[in-house]
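Each remark here refers to the structure printed beneath this line.
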Amino acid sequence: MSCSADPGPLDDRQPGPGLRADAERNRDRILAAARRLFAGQGLGVSMACVAREAGVGKATLSRRFASREELINAVFADRMDACAAATAQALADPDPWRGFTGFIETVCAMQAADRGFADVLARSFPAAKAVEARRAEAYEGFLAIIARAQESGHLRADFTADDLVILLMANAGVVAATAGAAPDTWRRLVGQMLRAYAAPGAPLPPLAPLAPPPSQTALYRAMVRLARHNPG
């Protein structure tokens with residue numbers, strides 16, 4: 001894990017009319033820094049690292065965000081909003097199978113674009129109340145997406161919401177392992193899984209062409225990277 005060099009802490013405790021503006025600027029700097037670090041390195045980034053990246057002191061960071069969970073809530077609020085919008089779009093699609101596959105592809109693409117969001121979707125953060133509340137809303141929406149796709153006869157009858165959780169966990173692992181060597185590998189995983197989710201015996205509904213597998217060289221590099229990050 002890496003952080004940029006510390007440019008020196010900024011503080012927002014100076015007296016005078018500029019206090020509120022300074023506090024707001026520091027909050028914006030912290031959120032921007034956390035988004036960059038979480039997106040590139042995942043949620044394992046330390047709060048101290050976020051403070052250095054933002055150019056603020058640890059005390060300033062603590063005043064703006066008293067805990068990691070508060071920071072996660074603020075950073076990923078817009079991502080959870082986008083996830084809710086994808087749910088609404090899927091439910092509004094007159095083709096239930098297309099709504100289902102489009103939702104899966106959208107959420108997995110959001111994971112691939114942001115390692116921090118991949119972690120948020122694949123893990124539980126009980127103390128991050130806002131994120132967990134939006135996750136619960138998305139879960140209820142996804143149950144409706146599943147029901148529509150199964151009623152259409154295109155989605156396997158034994159598919160459950162837990163299968164999405166499993167897919168998101170698998171996709172998060174693939175994204176993390178192949179980010180540098182073969183960043184589009186997740187597309188093949190998702191394409192293969194959507195084909196597996198189609199109801200047996202039913203004509204395979206239209207799906208996007210399957211993404212090609214990564215080259216053997218790229219796959220080997222990804223395996224080496226994974227081994228270095230998980231030496232045990």
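Just so we're on the same page: first chain in the structure tokens is A, next is B, and so on; residues restart at 1 for each chain, and ligands are numbered from 1 in the order they show up.
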
Could you give me, as a tab-separated table, every stretch 28-115 of chain A residue with an atom at most 12 Å from stretch 161-167 of chain A, plus its closest atom pair and distance in Å to one decimal, counting only C-alpha atoms, rows ordered by chain then number?
```
residue	atom	partner	partner_atom	distance
A:Phe100	CA	A:Leu164	CA	11.0
A:Thr101	CA	A:Leu164	CA	11.4
A:Phe103	CA	A:Leu164	CA	10.7
A:Ile104	CA	A:Leu164	CA	8.1
A:Glu105	CA	A:Leu167	CA	11.1
A:Val107	CA	A:Leu164	CA	10.2
A:Cys108	CA	A:Leu167	CA	8.7
A:Gln111	CA	A:Leu167	CA	11.2
```

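Checking A:Ala208, A:Ala23, A:Ala112, A:Ala182 one by one against A:Tyr220, counting only C-alpha atoms, you find the shortest gap at A:Ala182.
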
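Closest approach to A:Arg64 among A:Pro96, A:Cys49, A:Phe38, A:Glu24 is made by A:Glu24 (distances from only C-alpha atoms).
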
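Surrounding stretch 190-199 of chain A within 10 Å are Trp97, Phe100, Thr101, Ile104, Glu105, Cys108, Ala109, Ala149, Gln150, Gly153, His154, Leu155, Arg156, Ala157, Asp158, Phe159, Asp163, Leu167, Leu168, Ala170, Asn171, Pro205, Pro206, Leu207, Ala208, Pro209, Leu210 and Ala211 of chain A, with only C-alpha atoms counted and residues fewer than 6 positions along the same chain left out.
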
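Closest approach to A:Ile146 among A:Leu43, A:Ala172, A:Leu91, A:Ala74 is made by A:Leu91 (distances from only C-alpha atoms).
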
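Of the listed residues (A:Ala85, A:Leu189, A:Ala138, A:Ala77), A:Leu189 comes nearest to A:Val175; the distances count only C-alpha atoms.
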
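Atom pair atom CA of A:Met169 / atom CA of A:Arg187 has a distance of 14.4 Å (rounded to one decimal).
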
task: Mind listing the helix (DSSP H, G or I) residues of stretch 2-231 of chain A, per DSSP on the backbone, as an NGL selection string?
output: :A and (19-41 or 47-54 or 58-64 or 68-92 or 96-113 or 115-122 or 129-151 or 161-178 or 185-197 or 216-229)

task: Write out as JSON, numbers by chain the residues lying within 8 Å of A:Phe117, counting only C-alpha atoms and excluding same-chain residues fewer than 5 positions away.
output: {"A": [38, 39, 42, 76, 79, 110, 111]}

- prompt: Leaving out A:Gly180 and any residue of its chain fewer than 4 positions from it, which residues lie within 9 Å of it when counting only C-alpha atoms, given as number ranges by chain?
  reply: A: 176, 218, 221-222, 225

Okay, now the selection with all heavy atoms, as an mmCIF file, in the first residue's frame?
```
data_model
loop_
_atom_site.group_PDB
_atom_site.id
_atom_site.type_symbol
_atom_site.label_atom_id
_atom_site.label_comp_id
_atom_site.auth_asym_id
_atom_site.auth_seq_id
_atom_site.Cartn_x
_atom_site.Cartn_y
_atom_site.Cartn_z
ATOM 1 N N ALA A 176 -9.604 -7.416 -8.191
ATOM 2 C CA ALA A 176 -8.391 -7.127 -7.424
ATOM 3 C C ALA A 176 -7.178 -7.843 -8.004
ATOM 4 O O ALA A 176 -6.084 -7.281 -8.061
ATOM 5 C CB ALA A 176 -8.589 -7.536 -5.963
ATOM 6 N N ALA A 218 -0.983 -12.713 -19.286
ATOM 7 C CA ALA A 218 -1.687 -11.816 -18.381
ATOM 8 C C ALA A 218 -2.249 -12.576 -17.184
ATOM 9 O O ALA A 218 -2.194 -12.097 -16.041
ATOM 10 C CB ALA A 218 -2.817 -11.102 -19.123
ATOM 11 N N ARG A 221 0.566 -13.307 -14.778
ATOM 12 C CA ARG A 221 0.926 -12.114 -14.012
ATOM 13 C C ARG A 221 -0.088 -11.850 -12.905
ATOM 14 O O ARG A 221 0.266 -11.466 -11.792
ATOM 15 C CB ARG A 221 1.005 -10.905 -14.943
ATOM 16 C CG ARG A 221 2.219 -10.892 -15.866
ATOM 17 C CD ARG A 221 2.102 -9.812 -16.918
ATOM 18 N NE ARG A 221 1.891 -8.490 -16.322
ATOM 19 C CZ ARG A 221 1.410 -7.453 -16.996
ATOM 20 N NH1 ARG A 221 1.054 -7.601 -18.263
ATOM 21 N NH2 ARG A 221 1.274 -6.295 -16.394
ATOM 22 N N ALA A 222 -1.368 -12.063 -13.215
ATOM 23 C CA ALA A 222 -2.404 -11.865 -12.198
ATOM 24 C C ALA A 222 -2.253 -12.868 -11.065
ATOM 25 O O ALA A 222 -2.425 -12.523 -9.890
ATOM 26 C CB ALA A 222 -3.783 -12.000 -12.841
ATOM 27 N N ARG A 225 0.613 -11.787 -8.897
ATOM 28 C CA ARG A 225 0.205 -10.648 -8.067
ATOM 29 C C ARG A 225 -0.653 -11.117 -6.900
ATOM 30 O O ARG A 225 -0.484 -10.662 -5.767
ATOM 31 C CB ARG A 225 -0.573 -9.647 -8.926
ATOM 32 C CG ARG A 225 -0.979 -8.372 -8.203
ATOM 33 C CD ARG A 225 -1.651 -7.408 -9.188
ATOM 34 N NE ARG A 225 -1.908 -6.120 -8.552
ATOM 35 C CZ ARG A 225 -2.988 -5.833 -7.845
ATOM 36 N NH1 ARG A 225 -3.911 -6.767 -7.680
ATOM 37 N NH2 ARG A 225 -3.152 -4.643 -7.308
#
```

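In this structure, atom CA of A:Ile72 sits 16.2 Å away from atom CA of A:Ala136.
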
message: Between atom CA of A:Asn26 and atom CA of A:Gly55, what is the distance in Å, rounded to a tenth?
response: 8.7 Å

task: Can you pull out every residue within 7 Å of stretch 183-185 of chain A, counting only C-alpha atoms, but drop anything in the same chain fewer than 5 positions away, and send it as a count of residues only?
output: 4

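Candidate residues A:Ala88, A:Leu204, A:Ser152, A:Arg68 were compared for distance to A:Gly44, and the nearest is A:Arg68, using only C-alpha atoms.
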